[in-house]
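Here is my_file.cif, consisting of mmCIF, C-alpha atoms and all ligand atoms:
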data_data
loop_
_atom_site.label_atom_id
_atom_site.label_comp_id
_atom_site.auth_asym_id
_atom_site.auth_seq_id
_atom_site.Cartn_x
_atom_site.Cartn_y
_atom_site.Cartn_z
CA MET A 196 139.01 60.35 94.45
CA SER A 197 139.05 61.92 97.85
CA ASN A 198 135.44 61.25 98.76
CA LEU A 199 135.77 57.49 98.33
CA THR A 200 136.86 55.09 100.97
CA PRO A 201 139.59 52.68 99.84
CA ASP A 202 137.21 49.72 99.62
CA ALA A 203 134.44 51.57 97.81
CA SER A 204 133.27 49.55 94.83
CA PRO A 205 133.43 51.23 91.43
CA SER A 206 130.43 53.27 90.28
CA PRO A 207 129.60 54.86 86.91
CA GLU A 208 131.17 58.03 88.36
CA THR A 209 134.53 56.35 88.91
CA SER A 210 134.67 53.61 86.26
CA THR A 211 132.94 53.25 82.90
CA ARG A 212 133.50 49.50 83.24
CA VAL A 213 130.40 49.15 85.38
CA ILE A 214 128.15 50.81 82.77
CA THR A 215 126.09 48.31 80.78
CA ASP A 216 123.17 50.36 79.43
CA TYR A 217 122.69 53.52 77.38
CA ARG A 218 120.73 55.37 80.05
CA THR A 219 123.50 55.07 82.62
CA ALA A 220 126.10 55.98 79.98
CA ILE A 221 124.24 59.15 78.99
CA GLY A 222 123.80 60.08 82.65
CA ALA A 223 127.50 59.52 83.35
CA LEU A 224 128.59 61.55 80.32
CA ALA A 225 126.17 64.38 81.14
CA ARG A 226 127.99 64.95 84.45
CA TYR A 227 130.88 66.51 82.53
CA PRO A 228 130.92 70.04 81.08
CA SER A 229 132.10 68.96 77.62
CA PRO A 230 128.76 67.83 76.09
CA ARG A 231 127.02 70.89 77.53
CA LEU A 232 129.68 73.20 76.12
CA ILE A 233 129.32 71.59 72.68
CA ALA A 234 125.52 71.93 72.91
CA GLY A 235 126.05 75.62 73.75
CA PHE A 236 128.31 75.99 70.71
CA ILE A 237 125.64 74.42 68.47
CA ALA A 238 122.95 76.69 69.93
CA ILE A 239 125.06 79.82 69.31
CA ALA A 240 125.87 78.74 65.73
CA ILE A 241 122.15 78.07 65.06
CA GLY A 242 121.21 81.42 66.61
CA LEU A 243 123.76 83.33 64.53
CA ARG A 244 122.71 81.51 61.37
CA ALA A 245 119.02 82.20 62.06
CA SER A 246 119.73 85.90 62.66
CA LEU A 247 120.95 86.22 59.06
CA GLY A 248 117.91 84.57 57.40
CA GLY A 249 117.83 83.79 53.66
CA TRP A 250 118.02 80.01 53.84
CA GLN A 251 119.25 78.21 50.73
CA THR A 252 120.15 74.69 49.58
CA ALA A 253 123.81 75.50 50.10
CA ASP A 254 123.13 75.63 53.88
CA ALA A 255 122.30 71.92 53.85
CA LEU A 256 125.44 71.19 51.85
CA MET A 257 127.59 73.21 54.26
CA LEU A 258 126.04 71.43 57.22
CA LEU A 259 126.96 68.14 55.57
CA LEU A 260 130.46 69.44 54.94
CA GLY A 261 130.83 70.30 58.64
CA VAL A 262 129.78 66.76 59.56
CA THR A 263 132.12 65.23 56.98
CA VAL A 264 135.21 67.17 58.04
CA TRP A 265 135.08 65.90 61.62
CA PRO A 266 136.09 62.21 61.14
CA PHE A 267 139.17 63.27 59.16
CA LEU A 268 140.05 65.95 61.68
CA GLU A 269 139.73 63.59 64.66
CA TRP A 270 141.92 61.02 62.87
CA PHE A 271 144.58 63.63 62.14
CA LEU A 272 144.57 65.16 65.63
CA HIS A 273 144.55 61.76 67.33
CA LYS A 274 147.48 60.43 65.27
CA HIS A 275 149.63 63.55 65.12
CA LEU A 276 148.84 65.53 68.28
CA LEU A 277 147.45 63.20 70.94
CA HIS A 278 150.12 60.56 70.25
CA VAL A 279 153.00 63.02 69.95
CA LYS A 280 155.98 62.04 72.11
CA PRO A 281 157.73 64.59 74.33
CA TRP A 282 160.52 66.47 72.57
CA GLU A 283 163.31 68.78 73.68
CA ILE A 284 163.88 72.45 72.92
CA PHE A 285 167.14 73.92 74.25
CA GLY A 286 167.48 71.06 76.71
CA ARG A 287 163.93 71.47 78.06
CA ARG A 288 161.42 68.67 77.75
CA VAL A 289 158.20 69.70 76.06
CA ASP A 290 155.25 67.42 76.79
CA PRO A 291 151.94 69.15 75.98
CA ASP A 292 148.95 68.69 78.25
CA PHE A 293 146.80 67.10 75.53
CA ALA A 294 149.45 64.40 74.91
CA ARG A 295 149.92 63.71 78.64
CA ARG A 296 146.19 63.53 79.08
CA HIS A 297 145.84 61.09 76.20
CA ARG A 298 148.59 58.87 77.63
CA ALA A 299 146.69 58.92 80.94
CA HIS A 300 143.59 57.82 79.00
CA HIS A 301 145.54 54.92 77.47
CA ARG A 302 146.90 54.00 80.92
CA GLU A 303 143.47 54.10 82.56
CA PRO A 304 140.89 53.62 79.80
CA TRP A 305 137.97 53.26 82.22
CA ARG A 306 138.37 56.56 84.06
CA PRO A 307 135.48 58.68 82.78
CA GLU A 308 137.12 62.07 83.35
CA LEU A 309 139.97 61.06 81.03
CA ILE A 310 137.59 60.06 78.22
CA VAL A 311 135.77 63.37 77.81
CA LEU A 312 137.39 66.47 76.33
CA PRO A 313 138.62 68.99 78.91
CA PRO A 314 136.69 72.32 78.96
CA TYR A 315 139.71 74.37 77.84
CA VAL A 316 139.49 72.76 74.39
CA HIS A 317 135.98 74.17 73.96
CA PHE A 318 136.77 77.53 75.51
CA THR A 319 139.67 77.89 73.07
CA PHE A 320 138.32 76.51 69.81
CA GLY A 321 134.59 77.23 70.20
CA PRO A 322 134.88 81.06 70.23
CA LEU A 323 137.73 80.91 67.70
CA LEU A 324 135.69 78.95 65.15
CA LEU A 325 132.61 81.12 65.66
CA ALA A 326 134.66 84.31 65.30
CA LEU A 327 136.41 83.05 62.17
CA GLY A 328 133.10 81.97 60.65
CA TRP A 329 131.41 85.27 61.49
CA TRP A 330 134.15 87.75 60.56
CA ALA A 331 136.61 85.97 58.26
CA ALA A 332 134.47 83.64 56.14
CA PRO A 333 133.30 84.99 52.77
CA ASP A 334 129.73 84.01 53.66
CA PRO A 335 129.02 84.05 57.42
CA ALA A 336 125.62 82.37 56.97
CA LEU A 337 127.09 79.35 55.21
CA ALA A 338 129.98 79.28 57.66
CA MET A 339 127.51 79.06 60.57
CA SER A 340 125.67 76.20 58.84
CA ALA A 341 128.97 74.34 58.50
CA LEU A 342 129.71 74.96 62.19
CA VAL A 343 126.31 73.57 63.19
CA GLY A 344 127.20 70.32 61.37
CA TYR A 345 130.66 70.37 62.91
CA GLY A 346 129.15 70.83 66.39
CA PHE A 347 126.83 67.86 65.99
CA ALA A 348 129.75 65.74 64.78
CA ALA A 349 131.73 66.83 67.86
CA LEU A 350 128.84 65.84 70.11
CA ASN A 351 128.64 62.49 68.36
CA TYR A 352 132.37 62.06 68.98
CA GLU A 353 132.01 62.67 72.73
CA TRP A 354 129.14 60.22 72.93
CA THR A 355 130.62 57.40 70.84
CA HIS A 356 134.05 57.62 72.48
CA PHE A 357 132.44 57.53 75.93
CA MET A 358 130.13 54.70 74.94
CA VAL A 359 132.85 52.44 73.52
CA HIS A 360 134.59 52.67 76.90
CA THR A 361 131.60 51.09 78.66
CA ARG A 362 130.40 47.50 78.76
CA ILE A 363 127.34 48.23 76.63
CA GLN A 364 126.89 45.64 73.90
CA PRO A 365 125.54 47.64 70.99
CA GLN A 366 123.14 46.09 68.52
CA ASN A 367 123.70 48.39 65.57
CA ARG A 368 126.58 47.79 63.20
CA TYR A 369 127.89 51.35 63.26
CA TYR A 370 128.48 51.19 67.02
CA GLN A 371 129.77 47.61 66.83
CA GLY A 372 132.42 48.67 64.30
CA LEU A 373 133.50 51.62 66.45
CA PHE A 374 133.70 49.39 69.52
CA ARG A 375 135.92 46.87 67.79
CA ALA A 376 138.21 49.46 66.21
CA HIS A 377 138.69 51.55 69.34
CA ARG A 378 139.29 48.48 71.52
CA MET A 379 141.97 47.43 69.02
CA HIS A 380 143.57 50.87 69.32
CA HIS A 381 143.64 50.55 73.12
CA PHE A 382 144.46 46.89 73.55
CA ARG A 383 146.09 45.52 70.39
CA ASN A 384 148.17 48.18 68.69
CA GLU A 385 148.06 51.91 69.41
CA LYS A 386 149.58 52.73 66.01
CA TYR A 387 146.36 51.85 64.21
CA TRP A 388 142.64 52.59 64.39
CA TYR A 389 142.80 56.33 65.15
CA GLY A 390 139.24 57.06 64.08
CA PHE A 391 136.58 57.55 66.78
CA THR A 392 133.43 58.09 64.77
CA LEU A 393 134.05 56.51 61.36
CA THR A 394 136.07 53.34 60.89
CA SER A 395 136.28 53.77 57.11
CA VAL A 396 138.62 56.75 57.56
CA ASP A 397 141.26 54.39 59.00
CA ARG A 398 140.85 52.04 56.07
CA MET A 399 141.08 54.97 53.67
CA LEU A 400 144.23 56.39 55.29
CA GLY A 401 146.06 53.09 55.82
CA THR A 402 145.57 52.69 59.57
CA GLY A 403 142.76 50.14 59.57
CA PRO A 404 144.53 46.82 58.96
CA ASP A 405 143.21 43.30 59.42
CA PRO A 406 143.49 42.78 63.21
CA ASP A 407 144.35 39.10 62.77
CA VAL A 408 147.62 39.92 61.04
CA THR A 409 148.44 43.02 63.11
CA PRO A 410 151.11 42.43 65.76
CA ARG A 411 150.31 43.13 69.38
CA SER A 412 152.07 46.22 70.71
CA GLU A 413 153.71 46.44 74.12
CA HIS A 414 153.06 50.18 74.19
CA CYS A 415 149.27 50.38 74.13
CA ARG A 416 149.32 51.77 77.68
CA ASP A 417 152.36 54.04 77.70
CA LEU A 418 152.43 55.00 73.97
CA GLY A 419 156.19 54.36 74.02
CA VAL A 420 156.89 57.12 76.55
CA ASP A 421 158.50 56.56 79.96
CA GLY A 422 156.73 58.36 82.75
ZN ZN A 501 139.67 55.80 74.09
ZN ZN A 502 145.14 57.00 71.25
#
Rewritten as structure tokens:
Amino acid sequence: MSNLTPDASPSPETSTRVITDYRTAIGALARYPSPRLIAGFIAIAIGLRASLGGWQTADALMLLLGVTVWPFLEWFLHKHLLHVKPWEIFGRRVDPDFARRHRAHHREPWRPELIVLPPYVHFTFGPLLLALGWWAAPDPALAMSALVGYGFAALNYEWTHFMVHTRIQPQNRYYQGLFRAHRMHHFRNEKYWYGFTLTSVDRMLGTGPDPDVTPRSEHCRDLGVDG
């Protein structure tokens, strides 16, 4: 970072390793656009849903569905997109930004700007999901309710992923489980523990083995890719 002198000691702005309490973690995360963009998405989805009126029980079920979809989606995207290795098309190397960025996150797990989602993800998928829900879904009201749940799950993802990269020692079991699993993904074997917000998804999909019998990987930092 250009505004730091070489001997500057790390701060919550430059390293999540120095963060030991929730307040500092929330403050550090709030510096990035991602949580604000997700909050904006939730507000728009709520506003659109409210504009249609006619609340029903199915809204609650759709909200729940939106929340439930997220942990499976994050697992799938993490395993199959973020960990994708560069490939060649007609002699040209293709190495998508999201995969490079995720490798950088594995290389430097304490750099806060590599933990949060980049704004382009929200600017691409936020409007797309809202437009699909509004114009393409058979019932726009229920679609908006599902997107509200999805938005809250996304916000929870940003928070829990950021938090497990700090030195906070959580007291509740949900956070403790996420801490353990994500640390295993980063420091034991990158081919397991893809879930960020729900460890049971890894167990369900065969990527949540017993750590004691899981071999250590040499590629936790480079994900098996040179350079
Ligand atoms: Zn991570
Ligand atoms: Zn990963």
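Nearest-residue note for ligand ZN 501 (chain A): choosing from A:His377, A:Arg218, A:His275, A:Arg244, the minimum distance belongs to A:His377, counting all atoms listed in the file.
A straight line drawn from atom CA of His301 of chain A to atom CA of Leu418 of chain A is 7.7 Å long.
Distance annotation: of A:Ile310, A:Ala376, A:Val408, A:Leu327, the residue with the minimal separation from ligand ZN 501 (chain A) is A:Ile310; atom set is only C-alpha atoms and all ligand atoms.
Remark: for ligand ZN 502 (chain A), the closest of the candidate residues A:Leu247, A:Ala253, A:Cys415, A:Ile363 is A:Cys415 (distances computed over only C-alpha atoms and all ligand atoms).
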Which residue, A:Pro313, A:Gly261, A:Pro205, A:Pro307, has the smallest gap to Met358 of chain A when you use all atoms listed in the file?
A:Pro307
Residues within 12 Å of ligand ZN 501 (chain A) (all atoms listed in the file), as a ChimeraX atom specification?
/A:211,273,277,296-312,352-361,373-382,385,388-392,415-416
Requested write-out: C-alpha atoms of the selected residues, as a PDB file, keeping the file's coordinate frame:
ATOM      1  CA  THR A 211     132.940  53.250  82.900  1.00  0.00           C
ATOM      2  CA  HIS A 273     144.550  61.760  67.330  1.00  0.00           C
ATOM      3  CA  LEU A 277     147.450  63.200  70.940  1.00  0.00           C
ATOM      4  CA  ARG A 296     146.190  63.530  79.080  1.00  0.00           C
ATOM      5  CA  HIS A 297     145.840  61.090  76.200  1.00  0.00           C
ATOM      6  CA  ARG A 298     148.590  58.870  77.630  1.00  0.00           C
ATOM      7  CA  ALA A 299     146.690  58.920  80.940  1.00  0.00           C
ATOM      8  CA  HIS A 300     143.590  57.820  79.000  1.00  0.00           C
ATOM      9  CA  HIS A 301     145.540  54.920  77.470  1.00  0.00           C
ATOM     10  CA  ARG A 302     146.900  54.000  80.920  1.00  0.00           C
ATOM     11  CA  GLU A 303     143.470  54.100  82.560  1.00  0.00           C
ATOM     12  CA  PRO A 304     140.890  53.620  79.800  1.00  0.00           C
ATOM     13  CA  TRP A 305     137.970  53.260  82.220  1.00  0.00           C
ATOM     14  CA  ARG A 306     138.370  56.560  84.060  1.00  0.00           C
ATOM     15  CA  PRO A 307     135.480  58.680  82.780  1.00  0.00           C
ATOM     16  CA  GLU A 308     137.120  62.070  83.350  1.00  0.00           C
ATOM     17  CA  LEU A 309     139.970  61.060  81.030  1.00  0.00           C
ATOM     18  CA  ILE A 310     137.590  60.060  78.220  1.00  0.00           C
ATOM     19  CA  VAL A 311     135.770  63.370  77.810  1.00  0.00           C
ATOM     20  CA  LEU A 312     137.390  66.470  76.330  1.00  0.00           C
ATOM     21  CA  TYR A 352     132.370  62.060  68.980  1.00  0.00           C
ATOM     22  CA  GLU A 353     132.010  62.670  72.730  1.00  0.00           C
ATOM     23  CA  TRP A 354     129.140  60.220  72.930  1.00  0.00           C
ATOM     24  CA  THR A 355     130.620  57.400  70.840  1.00  0.00           C
ATOM     25  CA  HIS A 356     134.050  57.620  72.480  1.00  0.00           C
ATOM     26  CA  PHE A 357     132.440  57.530  75.930  1.00  0.00           C
ATOM     27  CA  MET A 358     130.130  54.700  74.940  1.00  0.00           C
ATOM     28  CA  VAL A 359     132.850  52.440  73.520  1.00  0.00           C
ATOM     29  CA  HIS A 360     134.590  52.670  76.900  1.00  0.00           C
ATOM     30  CA  THR A 361     131.600  51.090  78.660  1.00  0.00           C
ATOM     31  CA  LEU A 373     133.500  51.620  66.450  1.00  0.00           C
ATOM     32  CA  PHE A 374     133.700  49.390  69.520  1.00  0.00           C
ATOM     33  CA  ARG A 375     135.920  46.870  67.790  1.00  0.00           C
ATOM     34  CA  ALA A 376     138.210  49.460  66.210  1.00  0.00           C
ATOM     35  CA  HIS A 377     138.690  51.550  69.340  1.00  0.00           C
ATOM     36  CA  ARG A 378     139.290  48.480  71.520  1.00  0.00           C
ATOM     37  CA  MET A 379     141.970  47.430  69.020  1.00  0.00           C
ATOM     38  CA  HIS A 380     143.570  50.870  69.320  1.00  0.00           C
ATOM     39  CA  HIS A 381     143.640  50.550  73.120  1.00  0.00           C
ATOM     40  CA  PHE A 382     144.460  46.890  73.550  1.00  0.00           C
ATOM     41  CA  GLU A 385     148.060  51.910  69.410  1.00  0.00           C
ATOM     42  CA  TRP A 388     142.640  52.590  64.390  1.00  0.00           C
ATOM     43  CA  TYR A 389     142.800  56.330  65.150  1.00  0.00           C
ATOM     44  CA  GLY A 390     139.240  57.060  64.080  1.00  0.00           C
ATOM     45  CA  PHE A 391     136.580  57.550  66.780  1.00  0.00           C
ATOM     46  CA  THR A 392     133.430  58.090  64.770  1.00  0.00           C
ATOM     47  CA  CYS A 415     149.270  50.380  74.130  1.00  0.00           C
ATOM     48  CA  ARG A 416     149.320  51.770  77.680  1.00  0.00           C
TER      49      ARG A 416
END
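Among A:Asp254, A:Glu208, A:Asp334, A:Glu269, the residue with the shortest atom-to-atom distance to Asn351 of chain A, counting only C-alpha atoms, is A:Glu269.
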